[in-house]
Amino acid sequence: MVVSARRSLNWASRLAEHAAALGEVPPPVVEGVLTRVIGMALEAEGCQAAVGDQCLIRSPVSPDIEAEVVGFAEGKLYLMPLGELQGLVPGARVIPIGRSVRIPVGDALLGRVLDGTGKPLDGRGPLPPGEPLPLSGRQINPLARRPVREPLDVGVRGINALLTVGRGQRMGLFAGSGVGKSVLLGMMTRYTRADVIVVGLIGERGREVKEFVQEILGPEGLARAVVVAAPADSPPLMRIHGSWLATTIAEYFRDRGRSVLLLIDSLSRFAQAQREIALAIGEPPATKGYPPSVFARLPQLVERAGNGSEEGGSITAFYTVLAEGDDQNDPIADAARAILDGHIVLSRTIAERGRYPAIDVEASISRVMPSIVSREHRDAAQRFKQIVSTYSQNRDLISVGAYRRGTDSRIDAAVDFYPRLEDFMRQDIDDSCDFSSSVNRLMNLLNQ
């Protein structure tokens, strides 16, 4: 009894301190009880809370578990945990905190590695106080957004020259497993001309977090970056929060006039986490097992990136999309293409030939490129793609020696140019090629 009273006092103190820090009045506490646990979904009765509010689940045999309200029906609340469920018992106390998640943000986040709830993972101590912002962000009037009119140098020759990215553009990076997606992300993280880099490692392998921070970013890259990591073994709600948190941090710096590069790896894992939550609380599947809420959540996340007002900064975002079985018509890949400003496709066939980055120029497009580059640059990029397309269409004939030179002048030109085009696209991870050098090399290549 004494232990229970002490724990209740500790919880009340935590709640009062948090509410005071946010300038809020602590809500009245009306406790409920846990009645059902199915998979990762929890059901509670006897308490009231809004969707998005936080609750503490208190069991006599386990530490407190934080959970979030994700739905309700017939007097019951549906909750998803932010931690492990070991030790929960029927009738465990459910204590509504009565607030949605807010994360303190500020310049002190630069150089730090956080989990999906904003807690440090890097062992460098707690974060100093910052401005508390909700994970949900805010909508921007589309007429108030500054248009994309300026190229962004990402340091990758093939992208700079042939798939030019604009400052404030949202791009998809479509790839199967093992085709160099993480390496390409690392190159852009190192070489992009941006004031702040925010990286969300969502649902990927846990070992890749340390590798990305230490080997790909390095001390110099980490100094201007914030990394949010919610690996594959995190609960689905933690993976959702990690994506929202990375976007919230990027919005904070954009609203203060900074140029931000936002990398979310991956959008597919975000969608899969939302699918797990939706199915767990009874939402019916619609498209290949994905409930409708998944396709509603995707634009809610993506539309928060982009340019701000005329006085504000920009968020240039890259979202990786995992093409399961290299199927580019996967429901998430198809939905992402519709809401993004372009996509870069990494080809397994090209990767197997040993050319990295394995960008498939024919299947990739930047929708804002025509409005941000010169006519000469645009014409050169189109000619490059035409030569690659001509060679690809006749590759089998050329490979087996069935094509006779002189039959078609376009194929003759493609055979002559193709090795040089492949060399143009090939770039080592330690090499950087700025925008002007990329364009000049493209022009010189096609004028030979």
# chains A, B, ... in the order shown; residues from 1 in each chain; ligands from 1

$ select_by_dssp --residues "region 117-255 of chain A" --states "alpha helix (DSSP H)" --output "ChimeraX atom specification"
/A:157-162,181-191,207-211,218-222,236-254

$ residues_around --residues "region 169-179 of chain A" --least-positions-apart "3" --cutoff "8 Å" --atoms "only C-alpha atoms" --output "ChimeraX atom specification"
/A:148,165-166,302,305-307,315-326,328,333,336-337,340-348,351,358,366,368

$ residues_around --residues "Gln86 (chain A)" --least-positions-apart "4" --cutoff "10 Å" --atoms "only C-alpha atoms" --output "list in words"
Val61, Ser62, Pro63 and Ile65 of chain A

$ select_by_dssp --residues "region 261-393 of chain A" --states "strand (DSSP E or B)" --output "JSON, numbers by chain"
{"A": [261, 262, 263, 264, 265, 287, 290, 306, 307, 314, 315, 316, 317, 318, 319, 320, 321, 322, 342, 343, 344, 345, 346, 359, 365, 366]}

$ closest_residue --among "A:Asp334, A:Asp53, A:Asp153, A:Glu283" --to "Cys433 (chain A)" --atoms "only C-alpha atoms"
A:Asp153

$ closest_residue --among "A:Tyr391, A:Gly180, A:Val400, A:Met443" --to "Val415 (chain A)" --atoms "only C-alpha atoms"
A:Tyr391

$ closest_residue --among "A:Pro285, A:Gly123, A:Gly242, A:Gly32" --to "Val101 (chain A)" --atoms "only C-alpha atoms"
A:Gly242

$ residues_around --residues "Phe435 (chain A)" --least-positions-apart "3" --cutoff "12 Å" --atoms "only C-alpha atoms" --output "list in words"
Glu150, Pro151, Leu152, Asp153, Val154, Gly155, Val156, Arg157, Gly158, Ile159, Asn160, Ala161, Leu162, Leu163, Thr164, Val165, Gly166, Tyr191, Thr192, Arg193, Val373, His377, Ser432, Ser438, Val439, Asn440, Arg441 and Leu442 of chain A

$ atom_distance --atom1 "CA of Ala194 (chain A)" --atom2 "CA of Ala296 (chain A)"
29.8 Å

$ atom_distance --atom1 "CA of Tyr356 (chain A)" --atom2 "CA of Asp428 (chain A)"
7.4 Å

$ atom_distance --atom1 "CA of Gly257 (chain A)" --atom2 "CA of Asn141 (chain A)"
17.6 Å

$ residues_around --residues "region 266-279 of chain A" --least-positions-apart "4" --cutoff "8 Å" --atoms "only C-alpha atoms" --output "MDAnalysis selection string"
chainID A and resid 40:41 80 200:204 236:237 239:240 243 283:285 290:291 293:294 297:298 319:322 332:333

$ closest_residue --among "A:Leu222, A:Ile359, A:Val196, A:Ile216" --to "Val260 (chain A)" --atoms "only C-alpha atoms"
A:Val196
